[in-house]
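One file, my_file13.tsv, carrying TSV, C-alpha atoms:
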```
chain	number	residue	atom	x	y	z
A	194	MET	CA	107.03	94.15	-146.20
A	195	ILE	CA	104.28	96.22	-147.76
A	196	HIS	CA	102.20	93.09	-148.09
A	197	GLY	CA	102.75	92.35	-144.39
A	198	LEU	CA	101.78	95.91	-143.45
A	199	ARG	CA	98.62	95.61	-145.53
A	200	ARG	CA	97.73	92.31	-143.85
A	201	GLY	CA	98.32	93.93	-140.49
A	202	LEU	CA	96.03	96.83	-141.33
A	203	GLU	CA	93.36	94.42	-142.52
A	204	HIS	CA	93.59	92.51	-139.28
A	205	SER	CA	93.43	95.74	-137.30
A	206	ALA	CA	90.37	96.86	-139.23
A	207	ALA	CA	88.70	93.52	-138.59
A	208	ALA	CA	89.55	93.79	-134.92
A	209	ILE	CA	88.15	97.32	-134.72
A	210	LEU	CA	85.00	96.21	-136.53
A	211	ALA	CA	84.60	93.31	-134.12
A	212	LEU	CA	85.14	95.67	-131.22
A	213	LEU	CA	82.53	98.08	-132.53
A	214	LEU	CA	80.07	95.30	-133.11
A	215	SER	CA	80.55	93.89	-129.66
A	216	GLY	CA	80.29	97.39	-128.26
A	217	CYS	CA	76.97	97.83	-130.07
A	218	ALA	CA	75.70	94.61	-128.57
A	219	VAL	CA	76.42	95.92	-125.10
A	220	GLY	CA	75.57	99.58	-125.54
A	221	GLY	CA	72.56	98.73	-127.65
A	222	GLY	CA	71.13	96.60	-124.89
A	223	ARG	CA	67.67	97.92	-124.27
A	224	TYR	CA	67.82	97.76	-120.52
A	225	PHE	CA	71.42	97.96	-119.37
A	226	SER	CA	75.01	97.74	-120.45
A	227	VAL	CA	78.02	96.30	-118.74
A	228	ALA	CA	81.38	97.92	-118.11
A	229	ARG	CA	84.37	96.52	-116.32
A	230	GLU	CA	87.29	97.99	-114.45
A	231	ARG	CA	90.36	95.84	-114.17
A	232	GLY	CA	92.07	95.91	-110.79
A	233	ALA	CA	95.21	94.29	-109.50
A	234	ASP	CA	93.66	90.93	-108.73
A	235	SER	CA	90.05	91.28	-109.76
A	236	VAL	CA	87.67	92.69	-112.32
A	237	VAL	CA	84.96	95.06	-111.11
A	238	ILE	CA	81.81	94.80	-113.22
A	239	HIS	CA	79.42	97.73	-113.36
A	240	LEU	CA	75.82	97.25	-114.48
A	241	VAL	CA	74.80	100.52	-116.10
A	242	PRO	CA	71.06	100.94	-116.69
A	243	ALA	CA	69.78	102.53	-119.86
A	244	PRO	CA	67.98	105.86	-119.39
A	245	HIS	CA	64.64	105.43	-117.64
A	246	VAL	CA	65.42	101.85	-116.68
A	247	ARG	CA	65.50	100.93	-113.00
A	248	ILE	CA	67.40	97.91	-111.72
A	249	ASN	CA	65.59	96.03	-108.96
A	250	ALA	CA	67.52	96.16	-105.71
A	251	ARG	CA	65.16	93.84	-103.90
A	252	LEU	CA	66.30	91.06	-106.21
A	253	ALA	CA	69.86	92.15	-106.85
A	254	PRO	CA	71.46	91.23	-110.18
A	255	VAL	CA	73.69	88.20	-110.23
A	256	LEU	CA	76.52	86.72	-112.24
A	257	GLU	CA	76.07	83.00	-112.73
A	258	LEU	CA	79.49	81.43	-113.27
A	259	PRO	CA	80.00	78.30	-115.39
A	260	ASP	CA	81.06	76.36	-112.29
A	261	GLY	CA	77.65	76.93	-110.71
A	262	ARG	CA	78.59	79.72	-108.34
A	263	VAL	CA	76.29	82.71	-108.17
A	264	LEU	CA	77.76	86.12	-107.33
A	265	ARG	CA	75.53	89.04	-106.41
A	266	PHE	CA	75.93	92.62	-107.46
A	267	SER	CA	75.62	95.20	-104.73
A	268	GLY	CA	75.38	98.92	-104.25
A	269	THR	CA	74.66	101.35	-101.45
A	270	ALA	CA	72.92	104.02	-103.51
A	271	LEU	CA	69.24	103.12	-103.42
A	272	THR	CA	65.90	104.87	-103.78
A	273	ALA	CA	64.30	106.00	-100.51
A	274	ASP	CA	62.18	102.87	-100.38
A	275	SER	CA	65.20	100.65	-101.15
A	276	SER	CA	63.44	99.37	-104.22
A	277	TYR	CA	65.92	100.30	-106.96
A	278	PHE	CA	69.59	101.08	-107.40
A	279	THR	CA	70.25	104.74	-108.07
A	280	ALA	CA	73.86	104.08	-109.10
A	281	PRO	CA	75.14	101.14	-111.12
A	282	PRO	CA	75.45	98.06	-108.92
A	283	VAL	CA	78.92	96.55	-108.94
A	284	LEU	CA	80.52	93.17	-108.54
A	285	ALA	CA	84.20	92.35	-108.01
A	286	VAL	CA	85.19	89.08	-109.62
A	287	ARG	CA	88.47	87.28	-109.05
A	288	GLY	CA	89.39	85.35	-112.13
A	289	SER	CA	87.33	85.18	-115.26
A	290	PRO	CA	84.17	87.31	-115.40
A	291	ARG	CA	82.63	84.98	-117.94
A	292	GLY	CA	79.11	83.86	-117.17
A	293	MET	CA	75.48	84.86	-117.30
A	294	ILE	CA	74.35	88.16	-115.82
A	295	ARG	CA	70.75	88.12	-114.73
A	296	ALA	CA	68.84	91.20	-113.60
A	297	SER	CA	65.31	92.22	-112.81
A	298	VAL	CA	64.59	95.53	-114.49
A	299	CYS	CA	61.58	97.80	-114.29
A	300	PRO	CA	61.50	100.52	-116.95
A	301	GLU	CA	59.94	103.76	-115.73
A	302	GLY	CA	56.47	104.27	-117.13
A	303	ASP	CA	55.90	100.64	-118.02
A	304	SER	CA	54.70	99.66	-114.53
A	305	VAL	CA	56.01	96.17	-115.13
A	306	CYS	CA	59.17	94.24	-114.38
A	307	ARG	CA	60.97	91.74	-116.54
A	308	VAL	CA	64.10	89.63	-116.35
A	309	VAL	CA	67.06	90.38	-118.57
A	310	GLU	CA	69.91	87.98	-119.13
A	311	MET	CA	73.26	88.96	-120.56
A	312	VAL	CA	76.04	86.61	-121.53
A	313	SER	CA	79.26	88.27	-120.47
A	314	GLY	CA	82.50	87.52	-122.25
A	315	GLU	CA	86.15	87.44	-121.38
A	316	ARG	CA	87.46	90.69	-122.81
B	142	MET	CA	89.47	109.92	-111.19
B	143	SER	CA	87.08	108.25	-113.52
B	144	PRO	CA	87.69	104.56	-113.89
B	145	ALA	CA	88.66	103.35	-117.31
B	146	PHE	CA	85.81	101.20	-118.44
B	147	SER	CA	85.87	98.70	-121.21
B	148	SER	CA	82.95	96.82	-122.60
B	149	LEU	CA	82.36	93.16	-122.02
B	150	THR	CA	81.46	91.10	-125.02
B	151	ALA	CA	77.83	90.45	-124.52
B	152	ALA	CA	74.67	89.29	-126.08
B	153	VAL	CA	71.41	90.32	-124.57
B	154	VAL	CA	68.56	87.92	-124.29
B	155	ILE	CA	65.31	89.15	-122.88
B	156	THR	CA	63.38	86.54	-121.02
B	157	ALA	CA	60.28	86.40	-118.95
B	158	GLY	CA	60.48	83.19	-117.09
B	159	GLY	CA	61.46	81.41	-120.25
B	160	ALA	CA	58.20	82.26	-121.90
B	161	LEU	CA	58.25	83.52	-125.45
B	162	ALA	CA	54.87	84.68	-126.60
B	163	LEU	CA	53.95	84.92	-130.23
B	164	ASN	CA	52.36	88.30	-129.78
B	165	SER	CA	54.99	89.73	-127.48
B	166	ALA	CA	56.26	92.22	-130.05
B	167	ALA	CA	52.81	93.62	-130.64
B	168	ARG	CA	52.13	93.94	-126.95
B	169	SER	CA	55.49	95.50	-126.23
B	170	ALA	CA	54.95	97.98	-129.04
B	171	ALA	CA	51.56	98.94	-127.69
B	172	LEU	CA	53.00	99.31	-124.24
B	173	ALA	CA	55.84	101.47	-125.47
B	174	GLN	CA	53.56	103.68	-127.55
B	175	THR	CA	50.86	104.29	-125.02
B	176	GLY	CA	52.51	103.80	-121.67
B	177	ASN	CA	49.23	102.32	-120.59
B	178	PRO	CA	49.48	98.61	-119.95
B	179	LEU	CA	45.77	98.06	-120.30
B	180	THR	CA	45.70	99.26	-123.87
B	181	ALA	CA	47.91	96.33	-124.78
B	182	GLU	CA	45.46	93.72	-123.61
B	183	ARG	CA	44.13	90.94	-125.74
B	184	ALA	CA	40.50	91.23	-126.61
B	185	ALA	CA	39.65	87.72	-127.72
B	186	VAL	CA	37.37	85.80	-125.42
B	187	ARG	CA	38.54	82.22	-124.99
B	188	PRO	CA	38.21	79.41	-122.50
B	189	ALA	CA	40.55	79.74	-119.57
B	190	PRO	CA	43.08	76.90	-119.46
B	191	ALA	CA	43.04	74.73	-116.33
B	192	TRP	CA	45.99	75.18	-114.04
B	193	ALA	CA	47.47	72.30	-112.07
B	194	ASN	CA	49.50	73.96	-109.32
B	195	THR	CA	49.94	71.76	-106.27
B	196	SER	CA	51.35	74.11	-103.64
B	197	TRP	CA	48.73	76.49	-102.30
B	198	LEU	CA	48.44	78.96	-99.47
B	199	ASN	CA	45.42	80.67	-97.97
B	200	THR	CA	43.06	77.85	-98.91
B	201	PRO	CA	41.32	75.48	-96.48
B	202	ASP	CA	44.03	73.03	-95.40
B	203	ASP	CA	46.15	74.41	-98.24
B	204	ARG	CA	44.18	72.28	-100.67
B	205	PRO	CA	44.51	73.17	-104.36
B	206	LEU	CA	41.83	75.19	-106.09
B	207	THR	CA	40.82	74.14	-109.56
B	208	LEU	CA	39.25	76.05	-112.40
B	209	SER	CA	36.37	73.60	-112.62
B	210	GLY	CA	35.81	73.82	-108.89
B	211	LEU	CA	35.43	77.58	-109.16
B	212	ARG	CA	32.88	77.43	-111.98
B	213	GLY	CA	30.16	79.98	-111.24
B	214	ARG	CA	32.58	82.43	-109.67
B	215	VAL	CA	34.46	85.31	-111.26
B	216	ILE	CA	38.22	84.73	-111.00
B	217	LEU	CA	40.97	87.31	-111.05
B	218	LEU	CA	44.39	85.75	-111.55
B	219	ASN	CA	47.34	87.88	-110.48
B	220	PHE	CA	50.76	86.75	-111.67
B	221	TRP	CA	53.29	88.23	-109.25
B	222	THR	CA	56.35	87.73	-107.11
B	223	PHE	CA	57.24	89.33	-103.81
B	224	THR	CA	60.57	90.62	-105.15
B	225	CYS	CA	58.83	92.78	-107.76
B	226	TRP	CA	57.93	96.25	-106.56
B	227	ASN	CA	55.44	96.78	-109.34
B	228	CYS	CA	53.72	93.64	-108.12
B	229	THR	CA	53.58	94.51	-104.45
B	230	GLY	CA	52.51	98.02	-105.35
B	231	ALA	CA	49.32	96.63	-106.86
B	232	ILE	CA	48.45	94.42	-103.90
B	233	PRO	CA	46.45	97.02	-101.95
B	234	SER	CA	44.08	97.20	-104.93
B	235	LEU	CA	43.69	93.44	-104.97
B	236	VAL	CA	43.11	93.32	-101.23
B	237	ALA	CA	40.43	95.98	-101.67
B	238	PHE	CA	38.77	93.97	-104.45
B	239	ASP	CA	38.88	90.87	-102.26
B	240	HIS	CA	37.20	92.64	-99.37
B	241	ALA	CA	34.60	94.28	-101.59
B	242	TYR	CA	33.63	91.42	-103.86
B	243	ARG	CA	34.54	88.03	-102.40
B	244	ASP	CA	31.06	87.58	-100.94
B	245	GLN	CA	29.54	88.58	-104.27
B	246	GLY	CA	31.33	85.83	-106.14
B	247	LEU	CA	34.89	87.03	-106.82
B	248	THR	CA	37.86	84.77	-106.18
B	249	ILE	CA	41.27	86.37	-106.47
B	250	ILE	CA	44.15	83.96	-106.95
B	251	GLY	CA	47.74	85.04	-106.65
B	252	MET	CA	49.99	83.01	-108.94
B	253	HIS	CA	53.40	83.42	-107.41
B	254	CYS	CA	55.92	83.16	-110.24
B	255	PRO	CA	59.62	83.64	-109.39
B	256	GLU	CA	61.79	85.91	-111.48
B	257	PHE	CA	65.08	84.20	-110.61
B	258	PRO	CA	66.17	80.57	-110.18
B	259	PRO	CA	65.79	79.01	-106.71
B	260	TYR	CA	68.89	80.72	-105.32
B	261	GLY	CA	66.86	83.94	-105.31
B	262	GLY	CA	64.63	82.66	-102.50
B	263	GLU	CA	61.35	83.19	-104.35
B	264	HIS	CA	60.71	79.45	-104.64
B	265	ASP	CA	60.66	79.02	-100.88
B	266	ARG	CA	57.14	78.48	-99.59
B	267	GLU	CA	57.85	80.13	-96.24
B	268	ASN	CA	59.13	83.25	-97.99
B	269	VAL	CA	55.89	83.42	-99.94
B	270	ALA	CA	53.88	82.89	-96.76
B	271	GLN	CA	55.84	85.68	-95.09
B	272	ALA	CA	55.03	88.00	-98.00
B	273	LEU	CA	51.33	87.15	-97.74
B	274	ARG	CA	51.40	88.16	-94.08
B	275	LYS	CA	53.40	91.30	-94.80
B	276	TYR	CA	50.96	92.54	-97.41
B	277	HIS	CA	47.83	91.33	-95.58
B	278	ILE	CA	46.88	89.02	-98.42
B	279	GLU	CA	44.02	86.75	-97.44
B	280	TYR	CA	43.05	85.48	-100.87
B	281	PRO	CA	44.41	82.14	-102.18
B	282	ASN	CA	47.86	81.93	-103.65
B	283	ALA	CA	49.53	79.18	-105.64
B	284	GLN	CA	53.23	78.66	-106.12
B	285	ASP	CA	54.04	78.55	-109.81
B	286	ASN	CA	57.72	77.81	-109.38
B	287	ASP	CA	58.04	76.03	-112.72
B	288	HIS	CA	56.07	78.77	-114.51
B	289	ALA	CA	53.66	76.16	-115.84
B	290	THR	CA	50.62	78.37	-115.35
B	291	TRP	CA	52.58	81.45	-116.42
B	292	ASN	CA	53.31	79.72	-119.71
B	293	LEU	CA	49.81	78.30	-119.96
B	294	TYR	CA	48.40	81.81	-119.87
B	295	ASP	CA	51.12	83.24	-122.11
B	296	ILE	CA	52.24	85.74	-119.48
B	297	GLU	CA	55.22	88.00	-120.10
B	298	TYR	CA	55.41	90.60	-117.36
B	299	TRP	CA	55.22	91.06	-113.62
B	300	PRO	CA	52.54	91.86	-112.58
B	301	SER	CA	49.91	90.52	-114.95
B	302	PHE	CA	46.18	90.05	-114.52
B	303	VAL	CA	43.60	87.74	-116.10
B	304	LEU	CA	39.90	88.10	-115.40
B	305	ILE	CA	37.75	84.99	-115.94
B	306	ASP	CA	33.97	85.03	-116.03
B	307	ARG	CA	31.54	82.72	-114.24
B	308	LYS	CA	31.48	80.35	-117.21
B	309	GLY	CA	35.24	79.93	-117.34
B	310	PHE	CA	36.06	82.28	-120.20
B	311	ILE	CA	38.91	84.77	-120.20
B	312	ARG	CA	37.34	88.17	-120.65
B	313	TYR	CA	40.07	90.67	-119.79
B	314	GLU	CA	43.84	90.59	-119.58
B	315	GLY	CA	46.36	93.24	-118.74
B	316	TYR	CA	49.53	93.98	-116.91
B	317	GLY	CA	51.21	96.71	-114.94
B	318	GLU	CA	51.02	98.20	-111.47
B	319	PHE	CA	47.98	100.18	-110.40
B	320	HIS	CA	46.78	101.70	-107.16
B	321	VAL	CA	43.56	102.14	-105.26
B	322	GLY	CA	41.60	104.96	-106.80
B	323	ASP	CA	43.64	105.47	-109.93
B	324	PRO	CA	42.04	105.15	-113.39
B	325	THR	CA	43.38	101.65	-113.96
B	326	HIS	CA	42.07	100.48	-110.62
B	327	ARG	CA	38.67	101.92	-111.48
B	328	GLU	CA	38.78	100.20	-114.84
B	329	TRP	CA	39.45	96.80	-113.26
B	330	ASP	CA	36.81	97.51	-110.65
B	331	GLU	CA	34.28	98.19	-113.38
B	332	ARG	CA	35.22	95.00	-115.19
B	333	ILE	CA	34.87	92.92	-112.05
B	334	ARG	CA	31.45	94.38	-111.32
B	335	THR	CA	30.37	93.77	-114.90
B	336	LEU	CA	31.27	90.09	-114.69
B	337	LEU	CA	29.75	89.71	-111.24
B	338	ALA	CA	26.47	91.06	-112.62
B	339	GLU	CA	26.35	88.37	-115.29
B	340	ARG	CA	24.45	85.20	-114.50
```
Take the structure from the file and write it as C-alpha cells.
Amino acid sequence: MIHGLRRGLEHSAAAILALLLSGCAVGGGRYFSVARERGADSVVIHLVPAPHVRINARLAPVLELPDGRVLRFSGTALTADSSYFTAPPVLAVRGSPRGMIRASVCPEGDSVCRVVEMVSGER
Amino acid sequence: MSPAFSSLTAAVVITAGGALALNSAARSAALAQTGNPLTAERAAVRPAPAWANTSWLNTPDDRPLTLSGLRGRVILLNFWTFTCWNCTGAIPSLVAFDHAYRDQGLTIIGMHCPEFPPYGGEHDRENVAQALRKYHIEYPNAQDNDHATWNLYDIEYWPSFVLIDRKGFIRYEGYGEFHVGDPTHREWDERIRTLLAER
C-alpha cells in the first residue's frame, strides 16, 4: 500500500512538473500566451498578448485546424484606428481546439511586425 | 466573475515568412537594445541578388522589372504587406521619396510579401491593387507571394528596406516604420541623395 502511495506521489509530481513545463512554454512565449475557458459545448480560446505586444486586428489571428479549416479570432475592443486589439481576441471552438494558432504581432517600440505561430494542444 | 483559465499545451515558433536568417539573433538583439531599427542594419556592401517576380503592378503593361534592367538607377526595395500597419505607416515617406527623386534616378519597388497563407487575402492581386490606390502608391510593386525575393534578401520583418546603388550593390538595409520628417526618414533621405550623387 505504501509502495502504491509512493508510486502515486511520483506520478503526481511528474504530472505537476509536466504541467509547469507546459505552462512555461505558454507563459514564456515572447509575444502572447493562450488561455482557454471550457463552456458547455465549446472551448473559448483567449489570445493574451505579452506586455507591450500588440496583436494585429487588420489580419486577425487564426486557428488552423488539422482538417484544413481556418477559424478566425475576433474582438470588439480595438484601438481608435482599428489597427490592434486592445483586449485579448477570442475564438469559440466546438470540439478539439488542437491546431496551429497564427498571429501577426507588432511589439511596441520595434516598429516592425512579425508572424508568430503556436501549436495548441488538447488540454 | 472571472473565467477560469487553463493553459493550452503549446510550443511557440517564431517565423517570418518561413525565413530563418543566420544573423537574426544579432539583429533582434540590436533591435531590442536600441529600439532603433536602423542601428541593426548590415553594413557589408555586396551585390544585390536578382529577383524573378512575375506579377507586377504600376509598371508599363504590368511588365516585370529586372535588376539588370535598372542598372544605372538607385533602387529602394520596400518589403511590405497591406495588412501590416507598420508597413502602411511608412508609405507616405516612400511616396514622398518617389515624388522627390524618381526623375533624378530613384526607383522604388514595393515587394508585397504576405504575412499569412492565401486565406488571408494578401495573395490576391486585386487586393494589392486596391491597397496601391488607397495609399496613392504610384511606384512599381511586385507580388512576392512565395517569399522568394524575401528569402533571397534574407528579410525578417515587415517593413524592411534595401537600398541599392547605381552599380547594383546593396549599400544600406534596415527595417521598421518611419514617417515624413522624423529622424529615420531624414536618414534614408540622406542615403538616397548620397547614392543619387554617385556616378
Determine the nearest neighbour of Pro259 in chain A from the options A:Arg229, A:Ala296, A:Ser304, A:Ser289, counting only C-alpha atoms.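 For Pro259 in chain A, the nearest of the candidates is A:Ser289.
Pairwise distance (CA of Gly251 in chain B, CA of Asp295 in chain B) equals 15.9 Å.
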Would you mind listing what lies within 8 Å of range 275-279 of chain B as JSON, numbers by chain, with only C-alpha atoms counted and same-chain residues fewer than 2 positions away left out? {"B": [199, 229, 232, 233, 236, 271, 272, 273, 281]}
Which residues come within 12 Å of range 261-272 of chain A, counting all atoms listed in the file, excluding same-chain residues fewer than 2 positions away, as a ChimeraX atom specification? /A:237-241,247-259,274-287,290-297 /B:257-261
With chain B as the partner and 6 Å as the cut-off, tabulate the residues of chain A that qualify, each row holding the nearest pair of atoms and their distance in Å to one decimal, using only C-alpha atoms, sorted by chain and rising number, as a Markdown table.
```
| residue | atom | partner | partner_atom | distance |
| --- | --- | --- | --- | --- |
| A:Ser215 | CA | B:Thr150 | CA | 5.5 |
| A:Ala218 | CA | B:Ala152 | CA | 6.0 |
| A:Val219 | CA | B:Ala151 | CA | 5.7 |
| A:Ala228 | CA | B:Ser148 | CA | 4.9 |
| A:Arg229 | CA | B:Phe146 | CA | 5.3 |
| A:Glu230 | CA | B:Phe146 | CA | 5.3 |
| A:Arg251 | CA | B:Thr224 | CA | 5.7 |
| A:Leu252 | CA | B:Thr224 | CA | 5.8 |
| A:Asp303 | CA | B:Gly176 | CA | 5.9 |
| A:Ser304 | CA | B:Gly317 | CA | 4.6 |
| A:Val305 | CA | B:Gly317 | CA | 4.8 |
| A:Cys306 | CA | B:Trp299 | CA | 5.1 |
| A:Arg307 | CA | B:Tyr298 | CA | 5.7 |
| A:Val308 | CA | B:Ala157 | CA | 5.6 |
| A:Val309 | CA | B:Ile155 | CA | 4.8 |
| A:Glu310 | CA | B:Val154 | CA | 5.3 |
| A:Met311 | CA | B:Val153 | CA | 4.6 |
| A:Val312 | CA | B:Ala151 | CA | 5.2 |
| A:Ser313 | CA | B:Ala151 | CA | 4.8 |
| A:Gly314 | CA | B:Thr150 | CA | 4.6 |
| A:Arg316 | CA | B:Leu149 | CA | 5.7 |
```
Separation of CA of Phe220 in chain B from CA of Phe302 in chain B, in Å and rounded to one decimal: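 Separation between CA of Phe220 in chain B and CA of Phe302 in chain B: 6.3 Å.
Between CA of Asp285 in chain B and CA of Trp192 in chain B the separation is 9.7 Å.
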Smallest atom-to-atom distance to Gly288 in chain A: which of A:Gly232, A:Val246, A:Ala273, A:Gly302, using all atoms listed in the file?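 Closest residue, counting all atoms listed in the file: A:Gly232.
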Counting only C-alpha atoms, what is within 12 Å of Arg334 in chain B, bar same-chain residues fewer than 5 positions away, as number ranges by chain? B: 215-217, 238, 241-243, 245-247, 304, 306, 327-329, 339-340
Skipping near chain neighbours, those fewer than 6 positions away, what residues fall within 9 Å of Arg187 in chain B using all atoms listed in the file, listed as a ChimeraX atom specification? /B:309-312
